[in-house]
file run38.txt (compact mmCIF, C-alpha atoms)
# COMPACT_ATOMS: atom_id res chain seq x y z
CA MET A 504 -12.50 -28.48 -88.75
CA ARG A 505 -16.00 -27.08 -88.93
CA ARG A 506 -18.70 -29.12 -87.31
CA ARG A 507 -20.53 -29.88 -90.54
CA ALA A 508 -17.31 -30.95 -92.27
CA PHE A 509 -16.51 -33.19 -89.34
CA PHE A 510 -19.92 -34.85 -89.44
CA VAL A 511 -19.74 -35.39 -93.20
CA THR A 512 -16.26 -36.91 -92.88
CA ALA A 513 -17.41 -39.30 -90.15
CA PHE A 514 -20.47 -40.28 -92.20
CA LEU A 515 -18.37 -40.98 -95.30
CA ALA A 516 -15.93 -43.02 -93.21
CA ALA A 517 -18.79 -45.19 -91.90
CA LEU A 518 -20.18 -45.67 -95.43
CA LEU A 519 -16.74 -46.54 -96.80
CA ILE A 520 -16.02 -49.08 -94.06
CA ALA A 521 -19.44 -50.75 -94.29
CA GLY A 522 -19.79 -50.51 -98.07
CA PHE A 523 -16.25 -51.32 -99.13
CA GLY A 524 -13.96 -52.29 -96.25
CA SER A 525 -16.28 -55.00 -94.96
CA TYR A 526 -15.48 -57.13 -98.04
CA TYR A 527 -12.00 -57.63 -96.63
CA ALA A 528 -13.20 -58.77 -93.20
CA SER A 529 -11.91 -62.07 -91.84
CA ALA A 530 -14.38 -64.88 -92.57
CA HIS A 531 -13.26 -66.92 -89.58
CA PRO A 532 -15.75 -67.48 -86.75
CA ASP A 533 -15.62 -64.77 -84.10
CA GLY A 534 -14.30 -65.38 -80.59
CA LEU A 535 -17.61 -66.57 -79.10
CA GLN A 536 -18.42 -68.88 -82.03
CA TYR A 537 -14.92 -70.32 -81.97
CA VAL A 538 -15.04 -71.01 -78.24
CA ALA A 539 -18.53 -72.50 -78.66
CA GLU A 540 -17.19 -74.90 -81.30
CA LYS A 541 -14.15 -75.87 -79.23
CA THR A 542 -15.99 -76.37 -75.96
CA GLY A 543 -19.04 -78.05 -77.46
CA PHE A 544 -22.04 -75.75 -77.45
CA GLN A 545 -22.06 -74.30 -80.97
CA ASP A 546 -24.65 -76.94 -82.02
CA GLN A 547 -27.14 -75.26 -79.68
CA ALA A 548 -27.25 -72.20 -81.95
CA GLU A 549 -30.52 -71.87 -83.85
CA ASP A 550 -31.06 -70.07 -87.13
CA SER A 551 -32.36 -66.57 -86.57
CA LYS A 552 -36.03 -66.01 -87.32
CA THR A 553 -34.93 -63.15 -89.55
CA ALA A 554 -32.55 -65.36 -91.56
CA ASP A 555 -34.78 -65.08 -94.68
CA GLY A 556 -34.79 -61.28 -94.67
CA PRO A 557 -33.59 -59.32 -97.70
CA LEU A 558 -30.35 -58.25 -95.95
CA ALA A 559 -29.78 -61.34 -93.79
CA ASN A 560 -26.13 -62.20 -93.11
CA TYR A 561 -25.02 -58.89 -94.62
CA GLU A 562 -25.97 -60.03 -98.12
CA THR A 563 -28.50 -58.49 -100.46
CA LYS A 564 -31.14 -60.85 -101.76
CA GLY A 565 -31.16 -60.91 -105.57
CA VAL A 566 -27.63 -59.54 -105.90
CA GLU A 567 -25.29 -62.32 -107.01
CA ASP A 568 -22.04 -60.39 -106.75
CA GLU A 569 -20.67 -60.90 -103.24
CA ARG A 570 -18.82 -57.61 -103.07
CA LEU A 571 -21.77 -55.57 -104.33
CA GLY A 572 -24.38 -57.39 -102.25
CA GLY A 573 -22.33 -57.11 -99.07
CA GLY A 574 -21.57 -53.45 -99.73
CA LEU A 575 -25.23 -52.61 -100.34
CA ALA A 576 -26.25 -54.38 -97.12
CA GLY A 577 -23.56 -52.47 -95.23
CA VAL A 578 -24.63 -49.10 -96.65
CA ALA A 579 -28.29 -49.86 -95.92
CA GLY A 580 -27.43 -50.83 -92.35
CA VAL A 581 -25.40 -47.65 -91.78
CA LEU A 582 -28.27 -45.50 -93.06
CA VAL A 583 -30.91 -47.26 -90.96
CA VAL A 584 -28.77 -47.06 -87.81
CA LEU A 585 -27.98 -43.39 -88.45
CA VAL A 586 -31.63 -42.45 -88.92
CA VAL A 587 -32.90 -44.47 -85.93
CA MET A 588 -30.21 -43.33 -83.48
CA GLY A 589 -30.09 -39.78 -84.82
CA GLY A 590 -33.87 -39.51 -84.50
CA LEU A 591 -33.78 -40.98 -81.02
CA ALA A 592 -31.06 -38.55 -79.94
CA TYR A 593 -33.03 -35.55 -81.24
CA ALA A 594 -36.16 -36.83 -79.50
CA VAL A 595 -34.56 -37.12 -76.06
CA ARG A 596 -32.14 -34.16 -76.19
CA ARG A 597 -32.47 -30.92 -74.30
CA GLY A 598 -33.54 -28.08 -76.53
CA ARG A 599 -30.47 -25.90 -76.49
CA PRO A 600 -26.75 -26.48 -76.25
CA SER A 601 -25.40 -26.49 -72.77
CA ARG A 602 -22.18 -25.11 -71.42
CA ASP A 603 -22.28 -26.92 -68.10
CA GLU A 604 -19.99 -29.83 -67.49
CA HIS A 605 -20.24 -32.93 -65.40
CA MET B 1266 -19.69 -61.81 -79.78
CA HIS B 1267 -23.33 -61.76 -80.92
CA VAL B 1268 -25.18 -64.48 -79.01
CA PRO B 1269 -27.46 -66.50 -81.32
CA ASP B 1270 -30.85 -67.92 -80.30
CA GLY B 1271 -30.55 -71.25 -78.52
CA PHE B 1272 -27.43 -70.71 -76.41
CA LEU B 1273 -29.32 -69.62 -73.29
CA ASP B 1274 -32.51 -71.17 -71.92
CA ALA B 1275 -35.84 -69.32 -71.81
CA PRO B 1276 -35.74 -68.18 -68.15
CA THR B 1277 -32.27 -66.73 -68.59
CA SER B 1278 -33.23 -65.02 -71.85
CA ILE B 1279 -36.31 -63.54 -70.18
CA ALA B 1280 -34.18 -62.31 -67.28
CA THR B 1281 -31.56 -60.70 -69.54
CA GLY B 1282 -34.39 -59.25 -71.62
CA ALA B 1283 -35.83 -57.62 -68.49
CA VAL B 1284 -32.41 -56.23 -67.57
CA ALA B 1285 -32.02 -54.88 -71.11
CA VAL B 1286 -35.45 -53.22 -71.13
CA ALA B 1287 -34.86 -51.65 -67.71
CA GLY B 1288 -31.37 -50.50 -68.71
CA VAL B 1289 -32.54 -48.94 -71.97
CA ALA B 1290 -35.45 -47.24 -70.16
CA VAL B 1291 -33.06 -45.63 -67.67
CA ALA B 1292 -30.64 -44.75 -70.49
CA LEU B 1293 -33.43 -42.97 -72.39
CA ARG B 1294 -34.01 -40.74 -69.36
CA ARG B 1295 -30.36 -40.17 -68.49
CA ALA B 1296 -29.20 -39.62 -72.09
CA ARG B 1297 -31.11 -36.35 -71.92
CA THR B 1298 -28.39 -34.94 -69.71
CA GLU B 1299 -25.73 -35.87 -72.28
CA LEU B 1300 -27.46 -34.72 -75.48
CA ASP B 1301 -28.17 -31.30 -76.91
CA ASP B 1302 -28.58 -29.81 -80.38
CA ARG B 1303 -24.84 -29.91 -80.92
CA THR B 1304 -24.20 -33.51 -79.87
CA ALA B 1305 -27.39 -35.23 -81.10
CA PRO B 1306 -26.00 -35.78 -84.65
CA MET B 1307 -22.85 -37.15 -83.02
CA ALA B 1308 -24.92 -39.94 -81.42
CA GLY B 1309 -26.32 -41.00 -84.80
CA LEU B 1310 -22.87 -40.98 -86.35
CA VAL B 1311 -21.30 -42.93 -83.50
CA ALA B 1312 -23.97 -45.63 -83.87
CA ALA B 1313 -23.49 -45.73 -87.66
CA PHE B 1314 -19.72 -45.96 -87.25
CA ILE B 1315 -20.00 -48.81 -84.74
CA PHE B 1316 -22.33 -50.68 -87.11
CA ALA B 1317 -19.73 -50.29 -89.86
CA GLY B 1318 -16.85 -51.22 -87.57
CA GLN B 1319 -18.61 -54.37 -86.40
CA MET B 1320 -18.75 -55.60 -90.00
CA VAL B 1321 -14.97 -55.73 -90.25
CA ASN B 1322 -13.76 -58.84 -88.47
CA PHE B 1323 -10.02 -58.86 -87.92
CA PRO B 1324 -8.11 -62.15 -87.67
CA VAL B 1325 -7.02 -63.25 -84.20
CA GLY B 1326 -4.63 -66.19 -84.08
CA THR B 1327 -5.44 -69.12 -86.32
CA GLY B 1328 -9.01 -69.84 -87.30
CA THR B 1329 -10.79 -67.18 -85.30
CA SER B 1330 -11.56 -63.49 -85.56
CA GLY B 1331 -12.90 -60.57 -83.61
CA HIS B 1332 -14.59 -57.28 -84.33
CA LEU B 1333 -15.14 -53.96 -82.64
CA LEU B 1334 -17.80 -54.07 -79.93
CA GLY B 1335 -17.81 -50.30 -79.56
CA GLY B 1336 -19.11 -49.93 -76.00
CA ALA B 1337 -16.07 -48.07 -74.68
CA LEU B 1338 -15.82 -46.03 -77.90
CA ALA B 1339 -19.44 -44.91 -77.69
CA ALA B 1340 -19.27 -44.18 -73.95
CA VAL B 1341 -16.20 -41.95 -74.36
CA LEU B 1342 -17.52 -40.11 -77.43
CA VAL B 1343 -21.15 -39.46 -76.41
CA GLY B 1344 -21.40 -40.49 -72.76
CA PRO B 1345 -22.28 -43.87 -71.22
CA TRP B 1346 -26.09 -43.54 -71.34
CA THR B 1347 -26.24 -42.26 -74.91
CA GLY B 1348 -23.52 -44.77 -75.80
CA ALA B 1349 -25.63 -47.63 -74.45
CA LEU B 1350 -28.50 -46.43 -76.65
CA CYS B 1351 -26.18 -46.27 -79.69
CA VAL B 1352 -24.97 -49.85 -79.26
CA SER B 1353 -28.54 -51.03 -78.52
CA VAL B 1354 -29.77 -49.54 -81.80
CA VAL B 1355 -26.89 -51.23 -83.66
CA LEU B 1356 -27.75 -54.60 -82.07
CA MET B 1357 -31.45 -54.19 -82.84
CA VAL B 1358 -30.83 -53.40 -86.51
CA GLN B 1359 -28.38 -56.31 -86.76
CA ALA B 1360 -30.84 -58.76 -85.20
CA LEU B 1361 -33.85 -57.60 -87.22
CA LEU B 1362 -32.31 -56.88 -90.62
CA MET B 1363 -29.03 -58.79 -90.78
CA ALA B 1364 -29.94 -61.94 -88.76
CA ASP B 1365 -26.78 -61.23 -86.73
CA GLY B 1366 -27.52 -62.16 -83.12
CA GLY B 1367 -30.76 -63.93 -82.20
CA ILE B 1368 -34.16 -62.38 -81.59
CA THR B 1369 -34.78 -64.04 -78.22
CA ALA B 1370 -31.08 -63.33 -77.53
CA LEU B 1371 -31.46 -59.60 -78.26
CA GLY B 1372 -31.88 -58.82 -74.57
CA THR B 1373 -28.76 -60.82 -73.79
CA ASN B 1374 -26.78 -59.00 -76.46
CA VAL B 1375 -28.00 -55.59 -75.30
CA MET B 1376 -27.16 -56.45 -71.71
CA LEU B 1377 -23.67 -57.66 -72.68
CA MET B 1378 -22.46 -55.35 -75.43
CA ALA B 1379 -24.55 -52.20 -74.85
CA LEU B 1380 -24.99 -52.01 -71.07
CA ALA B 1381 -21.97 -53.92 -69.74
CA GLY B 1382 -19.75 -52.81 -72.63
CA CYS B 1383 -20.51 -49.11 -72.21
CA PHE B 1384 -20.45 -49.01 -68.43
CA VAL B 1385 -17.38 -51.15 -67.90
CA GLY B 1386 -15.74 -49.12 -70.66
CA TYR B 1387 -16.73 -45.81 -69.11
CA LEU B 1388 -15.61 -46.77 -65.60
CA VAL B 1389 -12.22 -47.98 -66.84
CA PHE B 1390 -11.90 -44.81 -68.94
CA ARG B 1391 -12.59 -42.58 -65.92
CA ALA B 1392 -10.19 -44.60 -63.75
CA ALA B 1393 -7.46 -44.37 -66.41
CA LEU B 1394 -7.94 -40.60 -66.65
CA VAL B 1395 -7.34 -40.31 -62.92
CA VAL B 1396 -4.02 -42.11 -63.27
CA LEU B 1397 -2.87 -40.45 -66.50
CA PRO B 1398 -1.72 -36.81 -66.70
CA ARG B 1399 -4.68 -34.45 -66.66
CA ARG B 1400 -4.60 -33.20 -70.25
CA LEU B 1401 -6.40 -33.66 -73.55
CA GLY B 1402 -3.73 -36.02 -74.86
CA SER B 1403 -4.68 -38.58 -72.21
CA VAL B 1404 -8.22 -39.07 -73.54
CA ALA B 1405 -7.31 -41.38 -76.46
CA PRO B 1406 -4.98 -43.71 -74.49
CA ALA B 1407 -7.51 -43.88 -71.63
CA ALA B 1408 -10.20 -44.81 -74.17
CA GLY B 1409 -7.90 -47.47 -75.62
CA ILE B 1410 -7.34 -49.02 -72.19
CA ALA B 1411 -11.10 -48.97 -71.63
CA GLY B 1412 -11.67 -50.77 -74.93
CA LEU B 1413 -9.02 -53.36 -74.12
CA VAL B 1414 -10.43 -54.16 -70.68
CA SER B 1415 -14.10 -54.08 -71.68
CA VAL B 1416 -13.95 -57.00 -74.14
CA PRO B 1417 -12.69 -59.77 -71.80
CA LEU B 1418 -15.00 -58.45 -69.07
CA VAL B 1419 -18.03 -58.72 -71.34
CA ALA B 1420 -16.82 -62.21 -72.33
CA ALA B 1421 -16.67 -63.11 -68.62
CA VAL B 1422 -20.25 -61.90 -68.11
CA PHE B 1423 -21.40 -64.07 -71.03
CA THR B 1424 -19.62 -67.05 -69.50
CA LEU B 1425 -21.40 -66.52 -66.17
CA LEU B 1426 -24.74 -66.32 -67.99
CA PHE B 1427 -23.97 -69.53 -69.84
CA LEU B 1428 -23.03 -71.32 -66.63
CA VAL B 1429 -26.38 -70.26 -65.14
CA GLY B 1430 -28.63 -70.75 -68.15
CA GLY B 1431 -26.66 -72.43 -70.90
CA THR B 1432 -28.43 -75.12 -72.95
CA ALA B 1433 -25.48 -77.52 -73.09
CA PRO B 1434 -23.39 -79.08 -70.36
CA VAL B 1435 -19.88 -77.67 -70.57
CA ASP B 1436 -16.66 -77.63 -68.63
CA ALA B 1437 -17.00 -74.27 -66.87
CA GLY B 1438 -13.28 -73.77 -66.45
CA ALA B 1439 -12.56 -74.58 -70.10
CA VAL B 1440 -15.20 -72.14 -71.37
CA LEU B 1441 -14.06 -69.36 -69.04
CA THR B 1442 -10.38 -69.83 -69.91
CA ALA B 1443 -11.05 -69.92 -73.65
CA MET B 1444 -13.44 -66.95 -73.56
CA LEU B 1445 -11.05 -64.81 -71.52
CA GLY B 1446 -8.00 -65.81 -73.56
CA TRP B 1447 -9.44 -65.16 -77.00
CA HIS B 1448 -11.28 -62.02 -75.93
CA THR B 1449 -8.17 -60.55 -74.38
CA LEU B 1450 -6.58 -60.82 -77.83
CA ILE B 1451 -9.70 -59.34 -79.44
CA GLY B 1452 -9.56 -56.65 -76.74
CA ILE B 1453 -6.16 -55.55 -78.04
CA GLY B 1454 -7.78 -54.85 -81.42
CA GLU B 1455 -10.70 -53.13 -79.68
CA GLY B 1456 -8.30 -50.97 -77.68
CA LEU B 1457 -6.30 -49.96 -80.76
CA VAL B 1458 -9.38 -49.06 -82.81
CA THR B 1459 -10.95 -47.20 -79.87
CA ALA B 1460 -7.76 -45.20 -79.21
CA LEU B 1461 -7.29 -44.36 -82.91
CA VAL B 1462 -10.87 -43.22 -83.46
CA VAL B 1463 -11.10 -41.24 -80.21
CA GLY B 1464 -7.68 -39.74 -80.98
CA ALA B 1465 -8.87 -38.62 -84.43
CA VAL B 1466 -12.02 -37.01 -83.03
CA VAL B 1467 -10.11 -35.33 -80.18
CA ALA B 1468 -7.64 -33.96 -82.72
CA SER B 1469 -10.34 -32.41 -84.92
CA ARG B 1470 -13.27 -31.56 -82.61
CA PRO B 1471 -12.41 -32.13 -78.94
CA ASP B 1472 -15.50 -30.14 -77.94
CA LEU B 1473 -17.69 -32.95 -79.32
CA VAL B 1474 -16.05 -35.65 -77.17
CA HIS B 1475 -18.04 -36.29 -74.00
CA GLY B 1476 -15.06 -37.83 -72.20
CA ALA B 1477 -12.92 -34.74 -72.90
CA ARG B 1478 -15.39 -32.19 -71.51
CA GLY B 1479 -13.55 -30.95 -68.44
CA LEU B 1480 -10.23 -31.04 -70.24
CA VAL B 1481 -11.24 -28.92 -73.25
CA ILE B 1482 -12.82 -26.23 -71.10
CA SER B 1483 -9.82 -25.98 -68.83
CA ARG B 1484 -7.48 -25.70 -71.79
CA LEU B 1485 -9.48 -22.97 -73.47
CA ALA B 1486 -10.39 -21.08 -70.32
CA GLY B 1487 -7.01 -19.44 -70.09
CA ALA B 1488 -6.94 -18.42 -73.75
CA ARG B 1489 -10.30 -16.70 -74.00
CA THR B 1490 -13.52 -16.48 -72.11
CA SER B 1491 -15.94 -17.45 -74.86
CA THR B 1492 -15.58 -20.81 -76.60
CA THR B 1493 -18.65 -20.28 -78.76
CA ALA B 1494 -17.35 -17.40 -80.85
CA GLU B 1495 -15.99 -19.58 -83.64
CA GLU B 1496 -19.34 -20.71 -84.99
CA PRO B 1497 -22.99 -20.57 -84.05
CA ALA B 1498 -24.45 -23.53 -82.20
CA ALA B 1499 -27.14 -24.25 -84.77
call {"tool": "encode", "arguments": {"input": "run38.txt", "output": "structure tokens"}}
result
Amino acid sequence: MRRRAFFVTAFLAALLIAGFGSYYASAHPDGLQYVAEKTGFQDQAEDSKTADGPLANYETKGVEDERLGGGLAGVAGVLVVLVVMGGLAYAVRRGRPSRDEH
Amino acid sequence: MHVPDGFLDAPTSIATGAVAVAGVAVALRRARTELDDRTAPMAGLVAAFIFAGQMVNFPVGTGTSGHLLGGALAAVLVGPWTGALCVSVVLMVQALLMADGGITALGTNVMLMALAGCFVGYLVFRAALVVLPRRLGSVAPAAGIAGLVSVPLVAAVFTLLFLVGGTAPVDAGAVLTAMLGWHTLIGIGEGLVTALVVGAVVASRPDLVHGARGLVISRLAGARTSTTAEEPAA
């Protein structure tokens, strides 16, 4: 597979998982939350200071439909992460490809 | 496993924040040795894929769930330092935009999932490669083992932090047992996803997998001298 085709495939996979697959995620508390409830420290959790943000809790403010709102938040998150980490990687990389191995 | 605000007291959160800042600073310097024009886009994609993967909680037993942490996956695909940066970016975006994981707990989450997750994952991966046959086909299973082991280990580190700086009195043994038990089950999911994804990348572009570097070169070396002939680097 050519490099560009590989990158496009990986990008589409991430978009599909975040934008569509995430709707089918288990809604049960995750391992840490579950243990916190069972062993008595879940009440210590405070609401995040970003809980009123437009994409808080993987929902999109103003979008009623759960599937659409969650999908939009997922797609937005994937794009932001891609741009931030991709930009960071380009900023710190060496200029040219290297053949040496470690 | 995202720690919310309020679980750990201020001194502990400040300490984990300092560890996180120091770790990310070192990672920014060391990632330079892992990244070039060819692999830089890979880092962005790995981070994006981990963000997506973390959205999909899978059920574990009754009433609880787990999701990909991605530390071992990132470390194998792009190297431990770049991998730690990838997971850190994911955690930062989640905390700031999605309200997933606290703000004062961001340092704790980076220390646990990015730093501990990537480095425990990478060490286990390297150890597994020593034991397994020295060929390309060993990379995916070794990555899977790394994913499996990394999750309960990160859960154990959280438990230690909570015993030092937790904001509620708890039965230490009960918390440790429950955290290790549930996160071993979640680790099985982590290991499967990590092995499948690494296996897919190794099958299509092994040259882009950091953890396969020595193995790809040795396989191709006998066939032809130049591995760059197929396509230009840019």
call {"tool": "residues_around", "arguments": {"input": "run38.txt", "residues": "Gly1326 in chain B", "least_positions_apart": "5", "cutoff": "12 Å", "atoms": "only C-alpha atoms", "output": "ChimeraX atom specification"}}
result
/A:529,531-534,537 /B:1331,1446-1451
call {"tool": "atom_distance", "arguments": {"input": "run38.txt", "atom1": "CA of Val1284 in chain B", "atom2": "CA of Trp1346 in chain B"}}
result
14.7 Å
call {"tool": "interface_residues", "arguments": {"input": "run38.txt", "of": "chain A", "to": "chain B", "cutoff": "6 Å", "atoms": "only C-alpha atoms", "output": "PyMOL selection string"}}
result
chain A and resi 504+517+520-521+525+528-529+531-535+544+547-549+551+553-554+558-561+581+584-585+588-589+592-593+595-597+599-600
call {"tool": "closest_residue", "arguments": {"input": "run38.txt", "among": "B:Leu1425, B:Val1286, B:Val1463, B:Val1404", "to": "Leu1371 in chain B", "atoms": "only C-alpha atoms"}}
result
B:Val1286
call {"tool": "closest_residue", "arguments": {"input": "run38.txt", "among": "B:Pro1417, B:Gly1336, B:Gly1386, B:Gly1372", "to": "Ala1280 in chain B", "atoms": "only C-alpha atoms"}}
result
B:Gly1372
call {"tool": "atom_distance", "arguments": {"input": "run38.txt", "atom1": "CA of Leu1426 in chain B", "atom2": "CA of Met1376 in chain B"}}
result
10.8 Å
call {"tool": "atom_distance", "arguments": {"input": "run38.txt", "atom1": "CA of Gly1382 in chain B", "atom2": "CA of Ala508 in chain A"}}
result
29.5 Å
call {"tool": "closest_residue", "arguments": {"input": "run38.txt", "among": "A:Gly573, A:Thr563, A:Val586, A:Gly580", "to": "Phe523 in chain A", "atoms": "all atoms listed in the file"}}
result
A:Gly573
call {"tool": "decode", "arguments": {"input": "run38.txt", "residues": "range 1465-1484 of chain B", "atoms": "N, CA and C atoms", "output": "PDB file, in the first residue's frame"}}
result
ATOM      1  N   ALA B1465      -2.302  -4.922  11.656  1.00  0.00           N
ATOM      2  CA  ALA B1465      -2.779  -4.347  10.395  1.00  0.00           C
ATOM      3  C   ALA B1465      -1.740  -3.394   9.805  1.00  0.00           C
ATOM      4  N   VAL B1466      -1.122  -2.585  10.658  1.00  0.00           N
ATOM      5  CA  VAL B1466      -0.116  -1.640  10.152  1.00  0.00           C
ATOM      6  C   VAL B1466       1.128  -2.399   9.684  1.00  0.00           C
ATOM      7  N   VAL B1467       1.549  -3.400  10.450  1.00  0.00           N
ATOM      8  CA  VAL B1467       2.717  -4.198  10.051  1.00  0.00           C
ATOM      9  C   VAL B1467       2.459  -4.889   8.714  1.00  0.00           C
ATOM     10  N   ALA B1468       1.218  -5.335   8.511  1.00  0.00           N
ATOM     11  CA  ALA B1468       0.891  -6.035   7.268  1.00  0.00           C
ATOM     12  C   ALA B1468       0.934  -5.101   6.069  1.00  0.00           C
ATOM     13  N   SER B1469       0.567  -3.811   6.262  1.00  0.00           N
ATOM     14  CA  SER B1469       0.519  -2.924   5.097  1.00  0.00           C
ATOM     15  C   SER B1469       1.778  -2.068   4.953  1.00  0.00           C
ATOM     16  N   ARG B1470       2.266  -1.474   6.037  1.00  0.00           N
ATOM     17  CA  ARG B1470       3.459  -0.638   5.947  1.00  0.00           C
ATOM     18  C   ARG B1470       4.391  -0.885   7.133  1.00  0.00           C
ATOM     19  N   PRO B1471       5.080  -2.020   7.145  1.00  0.00           N
ATOM     20  CA  PRO B1471       5.949  -2.317   8.298  1.00  0.00           C
ATOM     21  C   PRO B1471       7.043  -1.276   8.491  1.00  0.00           C
ATOM     22  N   ASP B1472       7.417  -0.583   7.404  1.00  0.00           N
ATOM     23  CA  ASP B1472       8.489   0.410   7.513  1.00  0.00           C
ATOM     24  C   ASP B1472       8.072   1.615   8.348  1.00  0.00           C
ATOM     25  N   LEU B1473       6.752   1.787   8.572  1.00  0.00           N
ATOM     26  CA  LEU B1473       6.287   2.919   9.373  1.00  0.00           C
ATOM     27  C   LEU B1473       6.115   2.558  10.848  1.00  0.00           C
ATOM     28  N   VAL B1474       6.393   1.311  11.204  1.00  0.00           N
ATOM     29  CA  VAL B1474       6.219   0.869  12.594  1.00  0.00           C
ATOM     30  C   VAL B1474       7.555   0.965  13.339  1.00  0.00           C
ATOM     31  N   HIS B1475       7.617   1.864  14.309  1.00  0.00           N
ATOM     32  CA  HIS B1475       8.857   2.075  15.054  1.00  0.00           C
ATOM     33  C   HIS B1475       9.358   0.773  15.661  1.00  0.00           C
ATOM     34  N   GLY B1476       8.462   0.013  16.269  1.00  0.00           N
ATOM     35  CA  GLY B1476       8.857  -1.212  16.965  1.00  0.00           C
ATOM     36  C   GLY B1476       9.309  -2.330  16.046  1.00  0.00           C
ATOM     37  N   ALA B1477       9.139  -2.147  14.722  1.00  0.00           N
ATOM     38  CA  ALA B1477       9.536  -3.194  13.770  1.00  0.00           C
ATOM     39  C   ALA B1477      10.823  -2.827  13.050  1.00  0.00           C
ATOM     40  N   ARG B1478      11.461  -1.717  13.448  1.00  0.00           N
ATOM     41  CA  ARG B1478      12.566  -1.169  12.655  1.00  0.00           C
ATOM     42  C   ARG B1478      13.649  -2.180  12.321  1.00  0.00           C
ATOM     43  N   GLY B1479      14.259  -2.765  13.319  1.00  0.00           N
ATOM     44  CA  GLY B1479      15.355  -3.702  13.050  1.00  0.00           C
ATOM     45  C   GLY B1479      14.905  -4.892  12.230  1.00  0.00           C
ATOM     46  N   LEU B1480      13.655  -5.296  12.427  1.00  0.00           N
ATOM     47  CA  LEU B1480      13.152  -6.509  11.786  1.00  0.00           C
ATOM     48  C   LEU B1480      12.878  -6.303  10.303  1.00  0.00           C
ATOM     49  N   VAL B1481      12.371  -5.128   9.927  1.00  0.00           N
ATOM     50  CA  VAL B1481      12.082  -4.863   8.515  1.00  0.00           C
ATOM     51  C   VAL B1481      13.378  -4.788   7.730  1.00  0.00           C
ATOM     52  N   ILE B1482      14.347  -4.070   8.282  1.00  0.00           N
ATOM     53  CA  ILE B1482      15.618  -3.881   7.587  1.00  0.00           C
ATOM     54  C   ILE B1482      16.283  -5.237   7.357  1.00  0.00           C
ATOM     55  N   SER B1483      16.283  -6.072   8.394  1.00  0.00           N
ATOM     56  CA  SER B1483      16.979  -7.339   8.259  1.00  0.00           C
ATOM     57  C   SER B1483      16.291  -8.244   7.240  1.00  0.00           C
ATOM     58  N   ARG B1484      14.956  -8.089   7.131  1.00  0.00           N
ATOM     59  CA  ARG B1484      14.239  -8.919   6.177  1.00  0.00           C
ATOM     60  C   ARG B1484      14.516  -8.475   4.742  1.00  0.00           C
TER      61      ARG B1484
END
